[in-house]
Amino acid sequence: MPFMRFASGAGIVTAETQVAVSGEPVLRLEGISKSFTGTVVLKKLDLDVRAGETLILLGENGAGKSTLKNILSGLIPSDGGRIVFNGQVEEAWSTTRAKELGLAAIHQELSLFPNMTVAENVCVLELGQGGPFVSPRRLVRKVDRMFKDLLDMEFDSSQLVRDLPLGQRQLVEIVKAVGSASSVLVLDEPTTSLSIQERQQLFTVMRRLRASGFALIHVTHFLEEVEAVGDRVAVMRDGEVVAVRDSGDITVSEIEQFMVGRELAAVQRPERSQQIADDVVLSVAGLEDEALLQGIDLEVRAGEVVGLAGLTGAGRSELLCALVGLRESTGRVEIDGTAFENRSVEESRKRGMVLVSEDRRSEQAFLERTVRENLTAPFLRRVSNGFGWMRSKQERVLANTLIGDFDVKTASSEAEFGAMSGGNQQKAILARWLSLDPKVCLLDEPTKGIDVGAKAQVQRTIFELSDSGVGVVVASSDLPELFQLCDRILVMSNGAIATELTRDAFDPAVILRAASSGKAA
């Protein structure tokens with residue numbers, strides 16, 4: 001089978017003609033089951049994928065998709081069932097066996113070493129080969145070529161991973177996985193941190209891999225990606241595959257109904273009963289830092305939803321971090337007309353401005369603590385007696401209320417936070433910060449990695465915040481979401497605001513031109 005491979009860093013070798021989808025699956029799962037501490041996650045699941053096709057795997061957070069991916073990758077064993085590869089039953093499936101057969105995965109939780117360079121991360125398996133001598137220059141040349149061949153982009157792979165924004169780290173994860181695969185590639189939410197342009201680059205890579213005979217399993221929450229790259233669709237719900245269809249034989253509304261078990265009403269932006277207040281709750285003038293931000297000026301009024309659009313690296317996340325003091329910056333920031341100097345996260349919270357960051361798992365979660373402790377972390381004074389003793393009953397009631405309000409799927413409030421699915425972790429972090437009754441709410445990719453039901457819930461919450469007079473700033477790579485949510489959109493490019501659009505002037509072409517050129521259309 002003419003698979004696509006990297007040959008000694010010489011670039012990508014592609015098949016001359018597209019491989020037809022074979023009748024026999026290259027990978028078949030039969031009766032796969034898995035439970036964690038008594039909670040059933042997968043229920044005798046059957047699934048297959050064929051060479052030369054892309055199988056789109058959909059489902060709500062907690063449906064079992066990540067567990068299935070981890071079993072395929074050999075990271076965890078199944079409790080029952082079997083894996084069949086190219087017609088042969090695999091008796092002892094493991095990470096080593098998966099690699100031997102050419103199966104690789106792009107994980108939602110990045111598997112990169114932040115203190116190593118991009119080249120070292122991509123070629124990590126080569127570092128122990130050939131004795132103690134490794135040529136960093138050779139690795140950099142090889143990985144630079146891989147970025148060019150795969151994504152058609154110039155990239156300096158001598159950079160440390162820790163110095164890269166999240167979107168570029170995701171690209172590194174993609175190149176690393178594709179470079180080690182030869183038969184099956186599992187992609188777990190690979191586009192959540194990518195700009196529109198980077199998504200298109202990834203889709204091009206996926207089409208080339210499929211044409212060369214790869215079997216692709218693409219886990220996503222973006223339903224438009226079914227049409228963009230999918231051949232078949234499998235929908236999971238409560239640990240089972242409830243539907244498998246050719247991508248052209250199923251509608252978006254049918255997918256949503258299979259996912260949630262009911263018809264899902266579309267979230268509509270409600271008509272405002274009154275004009276947005278004139279009160280400015282957030283004012284920023286001349287905000288700069290030494291690395292990227294350049295003279296940012298903006299205002300957010302009470303009840304207004306302001307969007308931040310831009311390509312990866314434009315400075316959206318950096319701006320939000322600077323506002324709450326996570327990033328050193330100069331310039332004037334006012335909250336409710338009062339200067340906010342000596343900025344810090346704690347002082348920001350006290351003044352009524354909160355940030356839900358993009359990389360919530362790394363930056364805002366205590367993975368080894370309980371769900372209860374994560375949810376109630378900002379409320380310690382409320383759930384203590386003032387003498388250092390916690391009011392346990394009051395804390396549990398608060399945690400369970402937030403779990404219910406935000407539909408966080410967990411075995412209990414005492415379960416380990418890191419044991420939840422990535423999407424449910426994100427919902428819990430959103431619940432924590434949005435429940436602080438803020439004056440200004442900064443949301444960085446608030447629906448990243450969240451299923452359609454939870455996404456609708458978060459969007460309704462943003463409307464409720466706006467209706468209650470909260471000023472909301474939303475940074476998002478999803479233009480349709482910005483169009484639905486926002487009263488104004490600020491387009492960022494190279495650390496500056498390139499243009500501003502009011503709701504009646506929203507235009508994706510104008511936004512993309514401003515984001516890429518740094519100039520208003």
# chains A, B, ... in the order shown; residues from 1 in each chain; ligands from 1
$ residues_around --residues "region 23-33 of chain A" --least-positions-apart "3" --cutoff "6 Å" --atoms "only C-alpha atoms" --output "number ranges by chain"
A: 42-51, 78-86
$ select_by_dssp --residues "region 236-337 of chain A" --states "helix (DSSP H, G or I)" --output "PyMOL selection string"
chain A and resi 247-249+252-260+316-324
$ residues_around --residues "region 388-404 of chain A" --least-positions-apart "5" --cutoff "8 Å" --atoms "only C-alpha atoms" --output "list in words"
Val371, Arg372, Leu375, Thr376, Leu380, Val383, Lys409, Ser413, Ala428, Ala431 and Arg432 of chain A
$ residues_around --residues "region 161-175 of chain A" --least-positions-apart "6" --cutoff "6 Å" --atoms "only C-alpha atoms" --output "ChimeraX atom specification"
/A:106,114,117-118,193-194
$ write_last_selection --atoms "all heavy atoms" --output "PDB file, in the first residue's frame"
ATOM      1  N   ILE A 106      -2.627  12.600  17.150  1.00  0.00           N
ATOM      2  CA  ILE A 106      -2.484  13.996  17.537  1.00  0.00           C
ATOM      3  C   ILE A 106      -3.407  14.192  18.722  1.00  0.00           C
ATOM      4  O   ILE A 106      -4.627  14.155  18.594  1.00  0.00           O
ATOM      5  CB  ILE A 106      -2.872  14.932  16.375  1.00  0.00           C
ATOM      6  CG1 ILE A 106      -1.959  14.699  15.170  1.00  0.00           C
ATOM      7  CG2 ILE A 106      -2.835  16.390  16.814  1.00  0.00           C
ATOM      8  CD1 ILE A 106      -2.423  15.394  13.915  1.00  0.00           C
ATOM      9  N   PRO A 114       8.215  21.448  26.919  1.00  0.00           N
ATOM     10  CA  PRO A 114       8.323  22.896  26.726  1.00  0.00           C
ATOM     11  C   PRO A 114       9.748  23.415  26.740  1.00  0.00           C
ATOM     12  O   PRO A 114      10.047  24.429  26.100  1.00  0.00           O
ATOM     13  CB  PRO A 114       7.509  23.478  27.891  1.00  0.00           C
ATOM     14  CG  PRO A 114       7.417  22.375  28.891  1.00  0.00           C
ATOM     15  CD  PRO A 114       7.425  21.110  28.118  1.00  0.00           C
ATOM     16  N   THR A 117      13.539  22.266  22.051  1.00  0.00           N
ATOM     17  CA  THR A 117      13.207  22.968  20.816  1.00  0.00           C
ATOM     18  C   THR A 117      12.128  22.218  20.049  1.00  0.00           C
ATOM     19  O   THR A 117      11.842  21.043  20.321  1.00  0.00           O
ATOM     20  CB  THR A 117      14.440  23.110  19.909  1.00  0.00           C
ATOM     21  OG1 THR A 117      14.837  21.805  19.443  1.00  0.00           O
ATOM     22  CG2 THR A 117      15.583  23.781  20.638  1.00  0.00           C
ATOM     23  N   VAL A 118      11.556  22.897  19.080  1.00  0.00           N
ATOM     24  CA  VAL A 118      10.573  22.253  18.207  1.00  0.00           C
ATOM     25  C   VAL A 118      11.193  21.049  17.519  1.00  0.00           C
ATOM     26  O   VAL A 118      10.598  19.964  17.460  1.00  0.00           O
ATOM     27  CB  VAL A 118      10.049  23.266  17.172  1.00  0.00           C
ATOM     28  CG1 VAL A 118       9.187  22.562  16.118  1.00  0.00           C
ATOM     29  CG2 VAL A 118       9.269  24.383  17.846  1.00  0.00           C
ATOM     30  N   SER A 193      -7.225  25.160  18.168  1.00  0.00           N
ATOM     31  CA  SER A 193      -6.377  26.323  18.428  1.00  0.00           C
ATOM     32  C   SER A 193      -5.820  26.929  17.144  1.00  0.00           C
ATOM     33  O   SER A 193      -4.947  27.792  17.208  1.00  0.00           O
ATOM     34  CB  SER A 193      -5.204  25.923  19.344  1.00  0.00           C
ATOM     35  OG  SER A 193      -5.666  25.447  20.575  1.00  0.00           O
ATOM     36  N   LEU A 194      -6.316  26.488  15.993  1.00  0.00           N
ATOM     37  CA  LEU A 194      -5.762  26.935  14.726  1.00  0.00           C
ATOM     38  C   LEU A 194      -6.594  28.062  14.122  1.00  0.00           C
ATOM     39  O   LEU A 194      -7.819  28.102  14.274  1.00  0.00           O
ATOM     40  CB  LEU A 194      -5.693  25.774  13.728  1.00  0.00           C
ATOM     41  CG  LEU A 194      -4.874  24.547  14.149  1.00  0.00           C
ATOM     42  CD1 LEU A 194      -4.821  23.550  13.005  1.00  0.00           C
ATOM     43  CD2 LEU A 194      -3.469  24.933  14.587  1.00  0.00           C
TER      44      LEU A 194
END
$ residues_around --residues "Leu151 (chain A)" --least-positions-apart "5" --cutoff "12 Å" --atoms "only C-alpha atoms" --output "MDAnalysis selection string"
chainID A and resid 11:12 143:146 168 171:172 174:175 178 197:206 208
$ select_by_dssp --residues "region 271-345 of chain A" --states "strand (DSSP E)" --output "PyMOL selection string"
chain A and resi 280-288+296-301+305-309+330-335+338-339
$ residues_around --residues "Met116 (chain A)" --least-positions-apart "4" --cutoff "7 Å" --atoms "only C-alpha atoms" --output "count of residues only"
4
$ residues_around --residues "Ser247 (chain A)" --least-positions-apart "4" --cutoff "10 Å" --atoms "only C-alpha atoms" --output "ChimeraX atom specification"
/A:54-56,226-234,251
$ closest_atom_pairs --of "region 235-304 of chain A" --to "region 333-336 of chain A" --cutoff "7 Å" --atoms "only C-alpha atoms" --output "CSV"
residue,atom,partner,partner_atom,distance
A:Val280,CA,A:Asp336,CA,6.4
A:Val281,CA,A:Asp336,CA,4.3
A:Leu282,CA,A:Ile335,CA,4.8
A:Ser283,CA,A:Glu334,CA,5.0
A:Val284,CA,A:Val333,CA,4.6
A:Ala285,CA,A:Val333,CA,6.6
$ write_last_selection --atoms "all heavy atoms" --output "PDB file, in the first residue's frame"
ATOM      1  N   VAL A 280     -18.771  53.150  30.371  1.00  0.00           N
ATOM      2  CA  VAL A 280     -17.603  52.392  29.933  1.00  0.00           C
ATOM      3  C   VAL A 280     -17.065  51.611  31.126  1.00  0.00           C
ATOM      4  O   VAL A 280     -16.654  52.187  32.131  1.00  0.00           O
ATOM      5  CB  VAL A 280     -16.512  53.333  29.374  1.00  0.00           C
ATOM      6  CG1 VAL A 280     -15.252  52.538  29.039  1.00  0.00           C
ATOM      7  CG2 VAL A 280     -17.031  54.060  28.135  1.00  0.00           C
ATOM      8  N   VAL A 281     -17.090  50.278  31.016  1.00  0.00           N
ATOM      9  CA  VAL A 281     -16.620  49.443  32.132  1.00  0.00           C
ATOM     10  C   VAL A 281     -15.149  49.069  31.980  1.00  0.00           C
ATOM     11  O   VAL A 281     -14.485  48.731  32.956  1.00  0.00           O
ATOM     12  CB  VAL A 281     -17.483  48.175  32.283  1.00  0.00           C
ATOM     13  CG1 VAL A 281     -18.877  48.529  32.745  1.00  0.00           C
ATOM     14  CG2 VAL A 281     -17.514  47.365  30.992  1.00  0.00           C
ATOM     15  N   LEU A 282     -14.634  49.132  30.761  1.00  0.00           N
ATOM     16  CA  LEU A 282     -13.219  48.846  30.527  1.00  0.00           C
ATOM     17  C   LEU A 282     -12.682  49.843  29.514  1.00  0.00           C
ATOM     18  O   LEU A 282     -13.231  49.978  28.420  1.00  0.00           O
ATOM     19  CB  LEU A 282     -13.016  47.415  30.006  1.00  0.00           C
ATOM     20  CG  LEU A 282     -11.572  47.042  29.614  1.00  0.00           C
ATOM     21  CD1 LEU A 282     -10.654  47.075  30.832  1.00  0.00           C
ATOM     22  CD2 LEU A 282     -11.528  45.666  28.944  1.00  0.00           C
ATOM     23  N   SER A 283     -11.625  50.541  29.886  1.00  0.00           N
ATOM     24  CA  SER A 283     -10.980  51.507  28.997  1.00  0.00           C
ATOM     25  C   SER A 283      -9.489  51.213  28.962  1.00  0.00           C
ATOM     26  O   SER A 283      -8.855  51.064  30.011  1.00  0.00           O
ATOM     27  CB  SER A 283     -11.226  52.936  29.485  1.00  0.00           C
ATOM     28  OG  SER A 283     -10.533  53.876  28.667  1.00  0.00           O
ATOM     29  N   VAL A 284      -8.934  51.119  27.774  1.00  0.00           N
ATOM     30  CA  VAL A 284      -7.523  50.801  27.589  1.00  0.00           C
ATOM     31  C   VAL A 284      -6.918  51.841  26.654  1.00  0.00           C
ATOM     32  O   VAL A 284      -7.482  52.128  25.585  1.00  0.00           O
ATOM     33  CB  VAL A 284      -7.326  49.388  26.997  1.00  0.00           C
ATOM     34  CG1 VAL A 284      -5.844  49.071  26.812  1.00  0.00           C
ATOM     35  CG2 VAL A 284      -7.995  48.338  27.878  1.00  0.00           C
ATOM     36  N   ALA A 285      -5.763  52.397  27.033  1.00  0.00           N
ATOM     37  CA  ALA A 285      -5.094  53.398  26.208  1.00  0.00           C
ATOM     38  C   ALA A 285      -3.595  53.135  26.172  1.00  0.00           C
ATOM     39  O   ALA A 285      -2.954  53.028  27.223  1.00  0.00           O
ATOM     40  CB  ALA A 285      -5.357  54.804  26.746  1.00  0.00           C
TER      41      ALA A 285
END
$ closest_residue --among "A:Phe483, A:Gln257, A:Leu185, A:Met492" --to "Asp297 (chain A)" --atoms "only C-alpha atoms"
A:Met492
$ atom_distance --atom1 "CA of Thr330 (chain A)" --atom2 "CA of Ser344 (chain A)"
13.2 Å
